[in-house]
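> My questions will all concern the structure given below.
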Amino acid sequence: MKYIANCTSFIILLGLLISSSTTFAQAVYKGNHNFESTSQILDIIEDKLMEEKEVIYDMREVIGSPYLTEEFVRGSLFLNEKNYGDYLFRYNIFRDDVEFKKDPYAPIESVKKIEGIVVKLEDNTKITVQTLTIDTNTYERKFLVEVVDGNYQLNKLVRAKFTAPKKAETPMSSDVKAKFTKVEEFYVINEDKIEKLGNKKKDLKKQFPDEGDKMMAFVNKEKINLKKEDDLIKLFQYMNN
């Protein structure tokens with residue numbers, strides 16, 4: 001009986017960690033959709049644009065992807081360091097939605113944004129739920145991808161910005177294809193607070209008052225560009241070492 005009770009508790013808690021992709025789709029698009037492929041997302045976008053008379057050709061010519069990686073990747077779901085099992089995951093950066101399924105033929109579910117959630121993938125990608133400050137009175141939970149771990153932790157917010165297709169305005173110009181453009185913002189965990197990393201040298205001294213001079217010296221010596229991920233990795237690995 002104790003074993004059954006434990007299993008029941010586990011199932012209930014796991015249910016709290018996940019939600020149906022269909023439910024999310026209804027909230028956004030007012031329709032019943034289960035996104036199993038990029039083409040299904042494009043179908044919905046195309047229908048929306050057709051309603052607004054903004055597109056008149058095939059959306060499957062879209063450039064880019066709404067996913068961090070197009071294919072599902074095997075990984076594990078954790079809550080407060082407890083492992084809740086292995087699944088196939090795919091991060092939809094267009095909808096800020098981590099999709100997952102138990103096996104290739106299972107229905108797609110979505111990981112809920114709960115503090116303490118961590119998704120660790122076999123390709124070494126680590127996705128966490130963090131509460132970001134939008135403005136003075138607004139907070140929003142987002143999925144962030146960990147870039148550098150340690151006392152000086154660097155994360156990034158990854159998004160896919162969608163640009164609608166556009167027909168040529170003159171015979172001399174060309175049609176503009178629809179596209180997803182990847183946009184990244186970097187965040188640091190500083191004194192148990194997560195905040196957006198400034199991309200100017202003076203921002204380092206404000207965000208790291210005790211170590212700002214040391215970071216500035218390294219930035220100048222190594223010619224670090226605070227807008228480039230590879231350079232930021234060098235900086236934060238240096239600080240952690």
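Ligands are numbered from 1 in the order shown, chains are lettered A, B, ... in the order of the structure tokens, and residues start at 1 in each chain.
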Using only C-alpha atoms, which protein or nucleic acid residues come within 7 Å of A:Val62? Drop anything in the same chain fewer than 5 positions from it, and give the result as a short mmCIF file (atom, residue, chain, number, x, y, z; two decimals) with N, CA and C atoms, in the first residue's frame.

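Here's the written file part_19.cif:
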```cif
data_model
loop_
_atom_site.label_atom_id
_atom_site.label_comp_id
_atom_site.auth_asym_id
_atom_site.auth_seq_id
_atom_site.Cartn_x
_atom_site.Cartn_y
_atom_site.Cartn_z
N LYS A 177 10.81 36.81 -48.15
CA LYS A 177 10.30 35.59 -47.56
C LYS A 177 10.08 35.76 -46.06
N ALA A 178 9.14 34.99 -45.55
CA ALA A 178 8.93 34.95 -44.10
C ALA A 178 10.15 34.32 -43.44
N LYS A 179 10.45 34.76 -42.22
CA LYS A 179 11.62 34.17 -41.56
C LYS A 179 11.51 34.26 -40.03
#
```
> What's around A:Ala160 at 12 Å? Count only C-alpha atoms, leave out sequence neighbours fewer than 3 positions away in its own chain, and write the answer as a list of chain:residue names.
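So, after excluding close chain neighbours, the residues are A:Ile63, A:Gly64, A:Ser65, A:Pro66, A:Tyr67, A:Leu68, A:Thr69, A:Tyr91, A:Asn92, A:Ile93, A:Phe94, A:Arg95, A:Asp96, A:Asp97, A:Leu157, A:Thr163, A:Lys179, A:Phe180, A:Thr181, A:Lys182, A:Val183, A:Glu184, A:Glu185.
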> Just the selected residues (C-alpha atoms), exported as a PDB file, in the first residue's frame, please.

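Output saved as part23.pdb:
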```pdb
ATOM      1  CA  ILE A  63      13.681  30.918 -43.462  1.00  0.00           C
ATOM      2  CA  GLY A  64      14.989  29.837 -40.059  1.00  0.00           C
ATOM      3  CA  SER A  65      13.316  27.801 -37.327  1.00  0.00           C
ATOM      4  CA  PRO A  66      11.052  28.366 -34.313  1.00  0.00           C
ATOM      5  CA  TYR A  67      13.112  25.785 -32.380  1.00  0.00           C
ATOM      6  CA  LEU A  68      16.446  25.907 -30.615  1.00  0.00           C
ATOM      7  CA  THR A  69      17.108  22.522 -32.258  1.00  0.00           C
ATOM      8  CA  TYR A  91      12.680  23.938 -27.001  1.00  0.00           C
ATOM      9  CA  ASN A  92      10.236  26.076 -28.973  1.00  0.00           C
ATOM     10  CA  ILE A  93      11.881  29.505 -28.752  1.00  0.00           C
ATOM     11  CA  PHE A  94       9.062  31.152 -30.715  1.00  0.00           C
ATOM     12  CA  ARG A  95       6.509  30.319 -28.005  1.00  0.00           C
ATOM     13  CA  ASP A  96       8.947  30.013 -25.067  1.00  0.00           C
ATOM     14  CA  ASP A  97       7.735  26.455 -24.587  1.00  0.00           C
ATOM     15  CA  LEU A 157      17.205  34.137 -23.097  1.00  0.00           C
ATOM     16  CA  THR A 163       8.867  38.425 -39.760  1.00  0.00           C
ATOM     17  CA  LYS A 179      11.617  34.172 -41.558  1.00  0.00           C
ATOM     18  CA  PHE A 180      12.395  33.358 -37.952  1.00  0.00           C
ATOM     19  CA  THR A 181      15.327  35.364 -36.587  1.00  0.00           C
ATOM     20  CA  LYS A 182      17.066  34.165 -33.435  1.00  0.00           C
ATOM     21  CA  VAL A 183      17.466  36.860 -30.777  1.00  0.00           C
ATOM     22  CA  GLU A 184      19.534  36.380 -27.599  1.00  0.00           C
ATOM     23  CA  GLU A 185      19.829  38.324 -24.345  1.00  0.00           C
TER      24      GLU A 185
END
```
> Determine, using only C-alpha atoms, which residues of stretch 56-164 of chain A have any atom at most 9 Å from an atom of stretch 225-233 of chain A, and tabulate each with its shortest atom pair and distance in Å to one decimal place, rows ordered by chain and then rising number, as a Markdown table.

```
| residue | atom | partner | partner_atom | distance |
| --- | --- | --- | --- | --- |
| A:Val147 | CA | A:Ile233 | CA | 7.2 |
| A:Val148 | CA | A:Ile233 | CA | 6.5 |
| A:Leu154 | CA | A:Ile233 | CA | 7.9 |
```
> Going by DSSP on the backbone, which residues of stretch 32-210 of chain A come out as helix (DSSP H, G or I)? List them as a list of chain:residue names.
A:Thr38, A:Ser39, A:Gln40, A:Ile41, A:Leu42, A:Asp43, A:Ile44, A:Ile45, A:Glu46, A:Asp47, A:Lys48, A:Leu49, A:Met50, A:Glu51, A:Met59, A:Arg60, A:Glu61, A:Lys201, A:Lys202, A:Asp203, A:Leu204, A:Lys205, A:Lys206, A:Gln207
> Nearest residue to A:Lys102 out of A:Leu121, A:Ala168, A:Leu132, A:Leu88, using only C-alpha atoms?
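With only C-alpha atoms as the atom set, the closest residue is A:Leu88.
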> Go through stretch 63-168 of chain A and collect every residue that DSSP, computed from the backbone, puts in strand (DSSP E or B); the answer should be as a PyMOL selection string.
chain A and resi 63+67+73-79+82-92+97-101+109-111+117-121+126-135+138-148+153-163+166
> Near A:Ile114, counting only C-alpha atoms, which residues have an atom at most 9 Å away, once you skip same-chain residues fewer than 4 positions from it, shown as an mmCIF file with C-alpha atoms, in the first residue's frame?

```cif
data_model
loop_
_atom_site.group_PDB
_atom_site.id
_atom_site.type_symbol
_atom_site.label_atom_id
_atom_site.label_comp_id
_atom_site.auth_asym_id
_atom_site.auth_seq_id
_atom_site.Cartn_x
_atom_site.Cartn_y
_atom_site.Cartn_z
ATOM 1 C CA LEU A 17 5.086 19.888 -13.857
ATOM 2 C CA LEU A 79 12.471 19.696 -9.918
ATOM 3 C CA VAL A 129 13.073 28.366 -15.187
ATOM 4 C CA GLN A 130 13.950 31.846 -13.925
ATOM 5 C CA ARG A 141 8.923 33.397 -15.620
#
```
> Ranking A:Asn151, A:Asn80, A:Asn124, A:Thr133 by minimum distance to A:Ile189 and counting only C-alpha atoms, which one comes first?
A:Asn151
> Atom CA of A:Glu211 and atom CA of A:Met239 are how many Å apart?
8.7 Å
> Could you jot down the atom CA of A:Lys196 to atom CA of A:Lys112 separation for me, Å, one decimal place?
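Separation between atom CA of A:Lys196 and atom CA of A:Lys112: 22.7 Å.
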